[in-house]
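*Asks:* My structure file data39.txt, compact mmCIF, C-alpha atoms, is below:
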```txt
# COMPACT_ATOMS: atom_id res chain seq x y z
CA MET A 1 -12.61 -0.15 6.11
CA ILE A 2 -9.30 0.50 7.80
CA GLU A 3 -5.83 0.09 6.37
CA ASP A 4 -3.59 -2.51 7.99
CA ALA A 5 -0.92 0.00 8.94
CA ARG A 6 -3.43 2.22 10.76
CA LEU A 7 -4.41 -0.69 12.99
CA LEU A 8 -1.17 -0.18 14.89
CA ASP A 9 -2.21 3.37 15.80
CA VAL A 10 -5.40 1.85 17.19
CA ALA A 11 -3.42 -0.77 19.11
CA GLU A 12 -1.26 1.95 20.66
CA ALA A 13 -4.28 4.10 21.56
CA TRP A 14 -6.14 1.20 23.15
CA ARG A 15 -3.09 0.18 25.19
CA ARG A 16 -2.64 3.75 26.42
CA GLU A 17 -6.25 3.70 27.59
CA GLY A 18 -5.24 0.78 29.78
CA ARG A 19 -6.95 -1.90 27.73
CA ARG A 20 -5.26 -5.26 27.18
CA VAL A 21 -4.45 -5.51 23.48
CA ALA A 22 -3.27 -8.32 21.24
CA ILE A 23 -2.05 -8.13 17.64
CA ALA A 24 -2.44 -11.08 15.26
CA THR A 25 -0.31 -10.93 12.10
CA VAL A 26 -0.31 -13.20 9.04
CA VAL A 27 3.36 -14.20 8.68
CA SER A 28 3.13 -16.73 5.87
CA THR A 29 0.61 -18.18 3.46
CA TRP A 30 0.40 -21.04 0.97
CA GLY A 31 -2.17 -21.53 -1.74
CA SER A 32 -5.21 -19.35 -1.97
CA SER A 33 -5.12 -17.77 1.45
CA PRO A 34 -7.44 -14.76 1.42
CA ARG A 35 -5.16 -12.24 3.17
CA PRO A 36 -1.45 -11.68 2.41
CA ALA A 37 1.46 -11.75 4.85
CA GLY A 38 1.45 -8.60 6.96
CA SER A 39 -2.35 -8.52 7.32
CA GLN A 40 -3.32 -7.78 10.89
CA LEU A 41 -6.07 -8.00 13.41
CA VAL A 42 -6.13 -6.00 16.63
CA VAL A 43 -8.31 -7.20 19.50
CA ASP A 44 -8.86 -6.13 23.10
CA GLU A 45 -9.80 -8.20 26.16
CA ARG A 46 -13.52 -7.67 25.58
CA GLY A 47 -13.25 -9.00 22.05
CA GLU A 48 -13.56 -5.67 20.26
CA MET A 49 -11.59 -6.10 17.05
CA LEU A 50 -10.44 -4.31 13.92
CA GLY A 51 -8.78 -5.64 10.78
CA SER A 52 -8.62 -9.25 9.58
CA VAL A 53 -6.26 -12.16 9.04
CA SER A 54 -8.55 -14.13 6.72
CA GLY A 55 -11.81 -13.69 4.92
CA GLY A 56 -13.45 -14.18 8.30
CA CYS A 57 -12.97 -17.94 8.57
CA ILE A 58 -10.26 -18.20 11.25
CA GLU A 59 -10.85 -15.00 13.21
CA GLY A 60 -12.80 -16.79 15.96
CA ALA A 61 -9.97 -19.25 16.65
CA VAL A 62 -7.35 -16.49 16.49
CA ILE A 63 -9.25 -14.37 19.00
CA ARG A 64 -9.55 -17.31 21.44
CA GLU A 65 -5.74 -17.65 21.36
CA ALA A 66 -5.31 -13.89 21.63
CA MET A 67 -7.34 -13.90 24.87
CA GLU A 68 -4.82 -16.29 26.45
CA VAL A 69 -1.88 -14.24 25.23
CA MET A 70 -3.46 -11.10 26.69
CA ARG A 71 -3.81 -12.91 30.01
CA GLY A 72 -0.04 -13.43 30.10
CA ALA A 73 0.74 -16.43 27.89
CA PRO A 74 3.81 -16.02 25.65
CA PRO A 75 3.35 -15.01 21.99
CA ARG A 76 2.39 -17.95 19.81
CA LEU A 77 2.51 -19.00 16.20
CA LEU A 78 -0.74 -20.56 14.94
CA GLU A 79 -1.17 -22.54 11.78
CA PHE A 80 -4.38 -23.15 9.89
CA GLY A 81 -4.76 -25.14 6.72
CA VAL A 82 -6.70 -27.66 4.74
CA SER A 83 -4.18 -30.40 5.44
CA ASP A 84 -5.37 -30.12 9.03
CA GLU A 85 -8.59 -31.81 10.23
CA GLN A 86 -9.30 -28.56 12.07
CA ALA A 87 -9.48 -26.73 8.78
CA TRP A 88 -13.13 -27.54 8.32
CA GLU A 89 -13.81 -26.65 11.90
CA VAL A 90 -12.27 -23.21 11.58
CA GLY A 91 -13.60 -22.87 8.08
CA LEU A 92 -10.46 -22.29 6.03
CA ALA A 93 -11.81 -24.62 3.38
CA CYS A 94 -10.83 -22.34 0.55
CA GLY A 95 -7.64 -24.30 -0.13
CA GLY A 96 -5.10 -22.21 1.70
CA ARG A 97 -2.77 -22.51 4.65
CA VAL A 98 -1.84 -19.63 6.83
CA GLN A 99 0.47 -18.97 9.79
CA VAL A 100 -0.58 -16.28 12.25
CA TYR A 101 1.63 -14.78 14.97
CA VAL A 102 -0.29 -13.63 18.03
CA GLU A 103 1.31 -11.29 20.58
CA ALA A 104 0.19 -8.95 23.33
CA VAL A 105 1.16 -5.28 23.54
CA GLU A 106 3.07 -5.07 26.83
CA MET B 1 5.31 -6.39 21.38
CA ARG B 2 6.61 -3.79 23.80
CA LEU B 3 4.57 -0.59 23.86
CA ALA B 4 7.77 1.49 23.49
CA LEU B 5 8.60 -0.29 20.24
CA LEU B 6 5.03 0.09 18.97
CA GLU B 7 5.24 3.83 19.70
CA ALA B 8 8.57 4.13 17.88
CA LEU B 9 7.10 2.25 14.93
CA ASN B 10 4.02 4.48 14.79
CA ARG B 11 6.14 7.64 15.07
CA ALA B 12 8.37 6.51 12.21
CA ARG B 13 5.32 5.72 10.08
CA ALA B 14 3.75 9.09 10.83
CA GLY B 15 7.04 10.71 9.77
CA LYS B 16 6.80 8.91 6.40
CA ARG B 17 9.95 6.90 7.06
CA GLU B 18 10.50 3.47 5.49
CA VAL B 19 10.13 1.07 8.42
CA CYS B 20 10.61 -2.66 8.73
CA LEU B 21 9.37 -4.38 11.89
CA LEU B 22 11.30 -7.58 12.65
CA ARG B 23 9.85 -10.32 14.82
CA PHE B 24 12.07 -13.22 15.86
CA LEU B 25 9.45 -15.94 16.08
CA ASP B 26 11.51 -18.35 18.24
CA THR B 27 12.81 -15.88 20.82
CA HIS B 28 9.90 -13.40 20.65
CA GLU B 29 12.41 -10.56 20.31
CA GLU B 30 11.65 -7.63 18.04
CA ALA B 31 13.46 -4.76 16.35
CA LEU B 32 12.97 -1.95 13.84
CA VAL B 33 14.95 -1.01 10.75
CA VAL B 34 14.22 2.60 9.80
CA ASP B 35 15.30 3.98 6.41
CA GLY B 36 17.64 1.02 6.08
CA GLU B 37 19.37 1.51 9.44
CA PRO B 38 18.84 -0.41 12.70
CA GLY B 39 16.40 1.49 14.92
CA CYS B 40 14.79 0.37 18.14
CA GLY B 41 15.56 -3.12 19.49
CA GLY B 42 18.51 -5.41 20.00
CA PRO B 43 21.62 -5.66 17.79
CA LEU B 44 20.95 -7.14 14.35
CA GLY B 45 23.18 -9.55 12.44
CA GLU B 46 24.28 -8.52 8.94
CA GLU B 47 22.15 -11.30 7.45
CA VAL B 48 18.97 -10.08 9.12
CA LEU B 49 19.71 -6.44 8.34
CA ALA B 50 20.28 -7.25 4.66
CA ALA B 51 16.99 -9.19 4.53
CA ALA B 52 15.13 -6.26 6.10
CA ARG B 53 16.63 -3.85 3.58
CA ALA B 54 15.60 -6.13 0.70
CA ALA B 55 12.05 -6.40 2.06
CA LEU B 56 11.82 -2.59 2.29
CA ARG B 57 13.10 -2.17 -1.25
CA GLU B 58 10.65 -4.71 -2.64
CA ASP B 59 7.83 -3.45 -0.39
CA ARG B 60 6.97 -7.02 0.64
CA CYS B 61 6.37 -8.62 4.00
CA ARG B 62 8.00 -12.03 4.32
CA LEU B 63 9.15 -14.78 6.65
CA VAL B 64 12.89 -15.54 6.36
CA GLU B 65 14.99 -18.32 7.86
CA THR B 66 18.18 -16.95 9.41
CA ALA B 67 20.97 -18.04 11.74
CA GLN B 68 18.88 -16.32 14.43
CA GLY B 69 15.87 -18.51 13.56
CA PRO B 70 12.74 -17.57 11.63
CA VAL B 71 12.19 -13.82 11.36
CA PHE B 72 9.03 -12.15 10.09
CA LEU B 73 9.78 -8.92 8.24
CA GLN B 74 6.82 -6.55 8.13
CA VAL B 75 7.23 -3.58 5.82
CA PHE B 76 5.64 -0.18 6.36
CA ASN B 77 6.52 2.01 3.43
CA PRO B 78 5.22 5.56 3.02
CA PRO B 79 1.74 5.69 1.54
CA LEU B 80 1.01 5.41 -2.13
CA ARG B 81 0.27 8.76 -3.74
CA LEU B 82 -1.78 9.69 -6.77
CA VAL B 83 -1.59 13.09 -8.44
CA LEU B 84 -4.47 13.90 -10.78
CA VAL B 85 -4.07 16.81 -13.18
CA GLY B 86 -7.43 18.26 -14.15
CA ALA B 87 -10.28 18.49 -11.64
CA VAL B 88 -12.69 17.05 -14.20
CA HIS B 89 -15.61 14.64 -13.94
CA ILE B 90 -13.40 11.53 -14.15
CA ALA B 91 -11.23 12.91 -11.36
CA GLN B 92 -14.34 13.15 -9.16
CA ALA B 93 -14.82 9.40 -9.58
CA LEU B 94 -11.15 8.37 -9.54
CA ALA B 95 -10.09 10.40 -6.48
CA PRO B 96 -12.37 8.65 -3.94
CA MET B 97 -11.83 5.22 -5.55
CA ALA B 98 -8.05 5.61 -5.31
CA ALA B 99 -8.37 6.87 -1.74
CA LEU B 100 -10.25 3.65 -0.87
CA ALA B 101 -7.45 1.64 -2.49
CA GLY B 102 -4.98 3.31 -0.15
CA TYR B 103 -3.66 6.26 -2.15
CA ALA B 104 -3.16 9.75 -0.77
CA VAL B 105 -4.75 11.69 -3.62
CA THR B 106 -3.96 15.25 -4.73
CA VAL B 107 -5.94 16.97 -7.48
CA VAL B 108 -4.16 19.78 -9.33
CA ASP B 109 -6.06 22.33 -11.39
CA PRO B 110 -5.33 26.06 -11.61
CA ARG B 111 -8.89 26.69 -12.80
CA ARG B 112 -10.66 27.64 -9.58
CA ALA B 113 -14.11 26.77 -10.82
CA PHE B 114 -13.05 23.12 -11.15
CA ALA B 115 -10.96 22.39 -8.07
CA THR B 116 -13.51 23.11 -5.34
CA ASP B 117 -14.02 21.37 -2.01
CA SER B 118 -17.65 20.69 -2.81
CA ARG B 119 -16.65 18.76 -5.95
CA PHE B 120 -13.81 16.96 -4.11
CA PRO B 121 -14.74 16.42 -0.47
CA ASP B 122 -11.81 15.16 1.66
CA ILE B 123 -9.35 15.31 -1.26
CA ALA B 124 -6.26 17.55 -1.25
CA LEU B 125 -6.60 20.27 -3.90
CA LEU B 126 -3.88 22.45 -5.41
CA ASP B 127 -4.58 25.41 -7.70
CA ASP B 128 -0.95 25.83 -8.78
CA TRP B 129 0.18 25.28 -12.33
CA PRO B 130 0.67 21.54 -12.80
CA ASP B 131 4.44 21.67 -13.39
CA GLU B 132 4.97 23.74 -10.23
CA ALA B 133 2.63 21.50 -8.26
CA LEU B 134 4.37 18.35 -9.51
CA LEU B 135 7.82 19.73 -8.72
CA ALA B 136 6.67 20.53 -5.18
CA LEU B 137 5.06 17.10 -4.74
CA ALA B 138 8.25 15.41 -6.02
CA PRO B 139 6.81 12.10 -7.31
CA ASP B 140 8.73 9.06 -6.04
CA ARG B 141 8.51 5.35 -6.86
CA ARG B 142 5.32 5.16 -4.72
CA THR B 143 3.59 7.88 -6.78
CA ALA B 144 1.26 7.71 -9.79
CA VAL B 145 0.59 10.72 -12.02
CA VAL B 146 -2.47 10.83 -14.27
CA THR B 147 -3.38 13.76 -16.51
CA LEU B 148 -7.09 14.14 -17.20
CA SER B 149 -7.61 17.73 -18.32
CA HIS B 150 -7.43 17.18 -22.11
CA ASP B 151 -5.73 20.59 -22.21
CA PRO B 152 -2.09 20.41 -23.37
CA LYS B 153 -1.34 23.62 -21.45
CA LEU B 154 -2.08 21.73 -18.23
CA ASP B 155 -1.27 18.13 -19.11
CA ASP B 156 2.03 18.50 -20.96
CA PRO B 157 3.98 20.40 -18.27
CA ALA B 158 2.81 17.85 -15.69
CA LEU B 159 3.92 14.96 -17.90
CA GLU B 160 7.32 16.57 -18.43
CA VAL B 161 7.92 16.71 -14.67
CA ALA B 162 6.52 13.20 -14.16
CA LEU B 163 8.81 11.77 -16.88
CA ARG B 164 11.84 13.19 -15.05
CA SER B 165 10.70 11.54 -11.78
CA ASP B 166 10.59 7.96 -10.48
CA ALA B 167 6.76 7.84 -10.62
CA PHE B 168 5.75 4.18 -11.03
CA TYR B 169 2.74 4.98 -13.20
CA ILE B 170 2.29 7.87 -15.63
CA ALA B 171 -0.88 8.04 -17.70
CA ALA B 172 -2.65 10.54 -19.92
CA LEU B 173 -6.33 10.53 -20.78
CA GLY B 174 -7.28 11.09 -24.40
CA SER B 175 -7.93 9.21 -27.61
CA ARG B 176 -5.17 7.41 -29.51
CA ARG B 177 -5.03 10.30 -31.98
CA THR B 178 -4.72 12.86 -29.20
CA HIS B 179 -2.02 10.71 -27.62
CA GLN B 180 0.01 10.57 -30.84
CA LYS B 181 -0.11 14.37 -31.03
CA ARG B 182 0.91 14.56 -27.37
CA LEU B 183 3.87 12.25 -27.97
CA ALA B 184 4.94 14.35 -30.94
CA ARG B 185 4.91 17.50 -28.80
CA LEU B 186 6.91 15.82 -26.04
CA ARG B 187 9.40 14.49 -28.60
CA GLU B 188 9.80 18.10 -29.76
CA ALA B 189 10.49 18.98 -26.13
CA GLY B 190 13.41 16.54 -26.20
CA PHE B 191 12.08 13.30 -24.72
CA THR B 192 13.22 10.02 -26.29
CA GLY B 193 10.94 7.22 -27.44
CA ALA B 194 12.02 5.07 -24.49
CA GLU B 195 11.17 7.83 -22.04
CA LEU B 196 7.80 8.46 -23.67
CA ALA B 197 7.00 4.74 -23.55
CA ARG B 198 6.52 5.20 -19.80
CA ILE B 199 3.29 7.09 -20.49
CA HIS B 200 0.20 4.90 -20.52
CA GLY B 201 -1.93 6.49 -23.20
CA PRO B 202 -4.83 6.31 -23.58
CA ALA B 203 -4.96 5.88 -19.80
CA GLY B 204 -6.52 2.72 -18.39
CA LEU B 205 -7.12 -0.91 -19.31
CA ASP B 206 -9.27 -1.56 -22.35
CA ILE B 207 -12.46 -2.77 -20.64
CA GLY B 208 -14.92 -0.88 -22.78
CA ALA B 209 -15.39 1.81 -20.12
CA VAL B 210 -17.87 4.53 -21.08
CA SER B 211 -18.96 6.54 -18.03
CA PRO B 212 -16.54 8.61 -15.94
CA ALA B 213 -16.76 6.06 -13.10
CA GLU B 214 -16.01 3.17 -15.48
CA ILE B 215 -13.05 5.02 -16.93
CA ALA B 216 -11.85 5.63 -13.37
CA VAL B 217 -12.10 1.86 -12.71
CA SER B 218 -10.04 1.12 -15.83
CA ILE B 219 -7.33 3.59 -14.76
CA LEU B 220 -7.22 2.33 -11.18
CA ALA B 221 -7.04 -1.25 -12.48
CA GLU B 222 -4.11 -0.44 -14.77
CA MET B 223 -2.34 1.47 -11.97
CA THR B 224 -2.81 -1.53 -9.68
CA ALA B 225 -1.45 -3.95 -12.27
CA VAL B 226 1.67 -1.83 -12.80
CA LEU B 227 2.17 -1.42 -9.05
CA ARG B 228 1.80 -5.11 -8.24
CA ARG B 229 3.12 -6.78 -11.36
CA GLY B 230 5.31 -4.22 -13.07
CA LYS B 231 4.89 -2.71 -16.48
CA ALA B 232 6.66 -5.48 -18.42
CA GLU B 233 4.36 -8.20 -17.16
CA LEU B 234 1.29 -6.08 -17.82
CA ALA B 235 2.43 -5.55 -21.44
CA SER B 236 3.00 -9.27 -22.01
CA ARG B 237 -0.43 -10.14 -20.60
CA GLU B 238 -2.08 -7.54 -22.79
CA GLY B 239 -0.23 -9.03 -25.75
CA GLU B 240 -1.57 -12.49 -24.90
CA SER B 241 -5.15 -11.35 -24.59
CA ALA B 242 -4.91 -9.42 -27.86
CA SER B 243 -3.62 -12.42 -29.81
```
Take the structure from the file and write it as structure tokens.
*Replies:*
Amino acid sequence: MIEDARLLDVAEAWRREGRRVAIATVVSTWGSSPRPAGSQLVVDERGEMLGSVSGGCIEGAVIREAMEVMRGAPPRLLEFGVSDEQAWEVGLACGGRVQVYVEAVE
Amino acid sequence: MRLALLEALNRARAGKREVCLLRFLDTHEEALVVDGEPGCGGPLGEEVLAAARAALREDRCRLVETAQGPVFLQVFNPPLRLVLVGAVHIAQALAPMAALAGYAVTVVDPRRAFATDSRFPDIALLDDWPDEALLALAPDRRTAVVTLSHDPKLDDPALEVALRSDAFYIAALGSRRTHQKRLARLREAGFTGAELARIHGPAGLDIGAVSPAEIAVSILAEMTAVLRRGKAELASREGESAS
């Protein structure tokens, strides 16, 4: 287990090694979202990741977006929730909605 | 996020500063507020600066709507600390549990046979007298102090220092009868009833804990409730469940 704050040390270290790094951060939640605002996930271009932005249900979708951001796309704000048809697809069926900000370390 | 800003953020965190990272979600700009003052990043409006200061004070990340658009405020406050007085069996269970929950734990016991590295691997140990140790550690509003030694010579001086600090949680292990005697001694020492009401005694939530590990769970649970909900709300909930 790794504390959220320490993930940023990892992000810095990875970037210094020359890896492409993206940070995903929960910026808002409604209902019974599993991880509070401020929760983070750090991922590199090979998909190595630390931390979490949900109980595991939306990480796959977040990482797909993170790959594009690492390849030069601007930061983006993602939203997942049960009101969305996609919710079942991404698996956030636990009754919550969550907004995740995805950015690259440049 | 620019690497330079990430480095500044990590440096400030390592230096135990209170840091708020601001992300302007529309413009993708970013800034830091360190110890309440604008740090790295572009100029900040008064409105945004005030919101960052409030988030730091309340230790809560949040998304705010401002004249500059939506801003996510991410708070990095110095770590939670737990000071345990008495390197006893319960401390051996509570120290690693609290470390997992994110606390930097220090165990204080002047009795060298108790506070040994083999009994407390990876935990900071101090063999000073508890009042001296507590004064040096200077408990703040992110610090919990729990006395476990059952020895008034060790526990009382620690409690006296803790009561004069901003520690968010102060607790003393011992039966109700022992606690009444402890309160009487501290009253003698000049503390008022209101001051003494800050001490959770007997320490921990009433969950029927028996073993040292279970007692550690009950203490960590109570500490968590006070940290996250505040003492007043905890008291009212306990009142409800008792009635």
*Asks:* Show me, as a tab-separated table, the residues of chain A having an atom within 7 Å of chain B, each with the closest atom pair and its distance in Å, using all atoms listed in the file.
*Replies:*
```
residue	atom	partner	partner_atom	distance
A:Leu8	CA	B:Asn10	CA	7.0
A:Asp9	CA	B:Asn10	CA	6.4
A:Glu12	CA	B:Leu6	CA	6.8
A:Val27	CA	B:Leu63	CA	6.2
A:Ser28	CA	B:Leu63	CA	6.4
A:Ala37	CA	B:Cys61	CA	5.9
A:Gly38	CA	B:Cys61	CA	5.7
A:Pro75	CA	B:His28	CA	6.9
A:Glu103	CA	B:Met1	CA	6.4
A:Ala104	CA	B:Met1	CA	6.0
A:Val105	CA	B:Met1	CA	4.8
A:Glu106	CA	B:Arg2	CA	4.8
```
*Asks:* Mind pulling up the distance from atom CA of Gly47 of chain A to atom CA of Pro74 of chain A?
*Replies:*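 Those two atoms sit 18.8 Å apart.
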*Asks:* Give me the residues within 12 Å of Trp14 of chain A as a list in words, counting only C-alpha atoms and dropping any in the same chain fewer than 2 places off.
*Replies:*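 Skipping anything fewer than 2 positions along the chain leaves Leu7, Leu8, Asp9, Val10, Ala11, Glu12, Arg16, Glu17, Gly18, Arg19, Arg20, Val21, Ala22, Ile23, Val42, Val43, Asp44, Glu45, Arg46, Glu48, Met49, Leu50, Ala104, Val105 and Glu106 of chain A; Leu3 and Leu6 of chain B.
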*Asks:* One decimal, in Å: what's the spacing between atom CA of Gly39 of chain B and atom CA of Ala13 of chain A?
*Replies:*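 Distance between the two atoms: 21.9 Å.
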*Asks:* List as number ranges by chain the protein and nucleic acid residues near Trp129 of chain B, meaning an atom at most 10 Å away when all atoms listed in the file are counted, but skip any in the same chain fewer than 3 places from it.
*Replies:* B: 85, 108-111, 126, 132-134, 153-155, 157-158
*Asks:* Take the residues that were just selected and, keeping C-alpha atoms, output them as a CSV table (one decimal), keeping the file's coordinate frame.
*Replies:*
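Resulting contents of result36.csv:
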```
chain,number,residue,atom,x,y,z
B,85,VAL,CA,-4.1,16.8,-13.2
B,108,VAL,CA,-4.2,19.8,-9.3
B,109,ASP,CA,-6.1,22.3,-11.4
B,110,PRO,CA,-5.3,26.1,-11.6
B,111,ARG,CA,-8.9,26.7,-12.8
B,126,LEU,CA,-3.9,22.4,-5.4
B,132,GLU,CA,5.0,23.7,-10.2
B,133,ALA,CA,2.6,21.5,-8.3
B,134,LEU,CA,4.4,18.4,-9.5
B,153,LYS,CA,-1.3,23.6,-21.4
B,154,LEU,CA,-2.1,21.7,-18.2
B,155,ASP,CA,-1.3,18.1,-19.1
B,157,PRO,CA,4.0,20.4,-18.3
B,158,ALA,CA,2.8,17.8,-15.7
```
*Asks:* Around the point (7.7, 7.2, -20.1) (coordinates from the file), which residues reach within 10 Å if we count only C-alpha atoms? Answer as a list of chain:residue names.
*Replies:*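 Residues with an atom at most 10 Å from (7.7, 7.2, -20.1): B:Leu159, B:Glu160, B:Ala162, B:Leu163, B:Arg164, B:Ser165, B:Ala167, B:Phe168, B:Tyr169, B:Ile170, B:Ala171, B:Phe191, B:Thr192, B:Gly193, B:Ala194, B:Glu195, B:Leu196, B:Ala197, B:Arg198, B:Ile199, B:His200.
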*Asks:* Could you work out how far atom CA of Glu47 of chain B lies from atom CA of Asp166 of chain B, giving the answer in Å with one decimal?
*Replies:* 28.7 Å
*Asks:* Rank B:Ser118, B:Gly201, B:Arg229, B:Ala95 by their smallest atom-to-atom distance to Gln180 of chain B, using all atoms listed in the file, and report the top residue only.
*Replies:*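 Using all atoms listed in the file, the shortest distance to Gln180 of chain B belongs to B:Gly201.
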*Asks:* I'd like to know which of A:Arg15, A:Arg64, A:Arg6, A:Arg35 is closest to Gly96 of chain A, using all atoms listed in the file.
*Replies:*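 Of A:Arg15, A:Arg64, A:Arg6, A:Arg35, the one nearest Gly96 of chain A, counting all atoms listed in the file, is A:Arg35.
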*Asks:* Leaving out Ala124 of chain B and any residue of its chain fewer than 4 positions from it, which residues lie within 9 Å of it when counting all atoms listed in the file, given as a list in words?
*Replies:*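 Once the adjacent positions are removed, what remains is Ala104, Val105, Thr106, Val107, Val108, Asp117 and Phe120 of chain B.
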*Asks:* Missing atoms in segment 56-70 of chain A: fill them in up to N, CA, C and O atoms and send the result as a PDB file, in the frame of the given file.
*Replies:*
```pdb
ATOM      1  N   GLY A  56     -12.479 -14.057   7.213  1.00  0.00           N
ATOM      2  CA  GLY A  56     -13.450 -14.180   8.300  1.00  0.00           C
ATOM      3  C   GLY A  56     -13.499 -15.588   8.848  1.00  0.00           C
ATOM      4  O   GLY A  56     -14.140 -15.847   9.868  1.00  0.00           O
ATOM      5  N   CYS A  57     -12.778 -16.540   8.194  1.00  0.00           N
ATOM      6  CA  CYS A  57     -12.970 -17.940   8.570  1.00  0.00           C
ATOM      7  C   CYS A  57     -12.170 -18.374   9.799  1.00  0.00           C
ATOM      8  O   CYS A  57     -12.572 -19.301  10.482  1.00  0.00           O
ATOM      9  N   ILE A  58     -11.044 -17.732  10.103  1.00  0.00           N
ATOM     10  CA  ILE A  58     -10.260 -18.200  11.250  1.00  0.00           C
ATOM     11  C   ILE A  58     -10.222 -17.175  12.394  1.00  0.00           C
ATOM     12  O   ILE A  58      -9.596 -17.416  13.418  1.00  0.00           O
ATOM     13  N   GLU A  59     -10.923 -16.060  12.210  1.00  0.00           N
ATOM     14  CA  GLU A  59     -10.850 -15.000  13.210  1.00  0.00           C
ATOM     15  C   GLU A  59     -11.270 -15.489  14.600  1.00  0.00           C
ATOM     16  O   GLU A  59     -10.646 -15.139  15.605  1.00  0.00           O
ATOM     17  N   GLY A  60     -12.316 -16.322  14.663  1.00  0.00           N
ATOM     18  CA  GLY A  60     -12.800 -16.790  15.960  1.00  0.00           C
ATOM     19  C   GLY A  60     -11.708 -17.537  16.708  1.00  0.00           C
ATOM     20  O   GLY A  60     -11.446 -17.278  17.885  1.00  0.00           O
ATOM     21  N   ALA A  61     -11.030 -18.465  16.017  1.00  0.00           N
ATOM     22  CA  ALA A  61      -9.970 -19.250  16.650  1.00  0.00           C
ATOM     23  C   ALA A  61      -8.801 -18.365  17.051  1.00  0.00           C
ATOM     24  O   ALA A  61      -8.210 -18.537  18.124  1.00  0.00           O
ATOM     25  N   VAL A  62      -8.466 -17.393  16.200  1.00  0.00           N
ATOM     26  CA  VAL A  62      -7.350 -16.490  16.490  1.00  0.00           C
ATOM     27  C   VAL A  62      -7.655 -15.666  17.740  1.00  0.00           C
ATOM     28  O   VAL A  62      -6.804 -15.477  18.612  1.00  0.00           O
ATOM     29  N   ILE A  63      -8.889 -15.204  17.851  1.00  0.00           N
ATOM     30  CA  ILE A  63      -9.250 -14.370  19.000  1.00  0.00           C
ATOM     31  C   ILE A  63      -9.214 -15.177  20.298  1.00  0.00           C
ATOM     32  O   ILE A  63      -8.762 -14.686  21.332  1.00  0.00           O
ATOM     33  N   ARG A  64      -9.631 -16.456  20.239  1.00  0.00           N
ATOM     34  CA  ARG A  64      -9.550 -17.310  21.440  1.00  0.00           C
ATOM     35  C   ARG A  64      -8.097 -17.388  21.927  1.00  0.00           C
ATOM     36  O   ARG A  64      -7.813 -17.269  23.118  1.00  0.00           O
ATOM     37  N   GLU A  65      -7.165 -17.579  20.988  1.00  0.00           N
ATOM     38  CA  GLU A  65      -5.740 -17.650  21.360  1.00  0.00           C
ATOM     39  C   GLU A  65      -5.264 -16.302  21.870  1.00  0.00           C
ATOM     40  O   GLU A  65      -4.479 -16.226  22.820  1.00  0.00           O
ATOM     41  N   ALA A  66      -5.739 -15.242  21.242  1.00  0.00           N
ATOM     42  CA  ALA A  66      -5.310 -13.890  21.630  1.00  0.00           C
ATOM     43  C   ALA A  66      -5.718 -13.595  23.081  1.00  0.00           C
ATOM     44  O   ALA A  66      -4.990 -12.944  23.826  1.00  0.00           O
ATOM     45  N   MET A  67      -6.873 -14.114  23.491  1.00  0.00           N
ATOM     46  CA  MET A  67      -7.340 -13.900  24.870  1.00  0.00           C
ATOM     47  C   MET A  67      -6.319 -14.470  25.856  1.00  0.00           C
ATOM     48  O   MET A  67      -6.004 -13.852  26.874  1.00  0.00           O
ATOM     49  N   GLU A  68      -5.799 -15.663  25.544  1.00  0.00           N
ATOM     50  CA  GLU A  68      -4.820 -16.290  26.450  1.00  0.00           C
ATOM     51  C   GLU A  68      -3.523 -15.501  26.472  1.00  0.00           C
ATOM     52  O   GLU A  68      -2.897 -15.332  27.516  1.00  0.00           O
ATOM     53  N   VAL A  69      -3.121 -15.021  25.291  1.00  0.00           N
ATOM     54  CA  VAL A  69      -1.880 -14.240  25.230  1.00  0.00           C
ATOM     55  C   VAL A  69      -2.037 -12.940  26.016  1.00  0.00           C
ATOM     56  O   VAL A  69      -1.132 -12.516  26.729  1.00  0.00           O
ATOM     57  N   MET A  70      -3.220 -12.341  25.936  1.00  0.00           N
ATOM     58  CA  MET A  70      -3.460 -11.100  26.690  1.00  0.00           C
ATOM     59  C   MET A  70      -3.440 -11.357  28.181  1.00  0.00           C
ATOM     60  O   MET A  70      -3.127 -10.480  28.957  1.00  0.00           O
TER      61      MET A  70
END
```
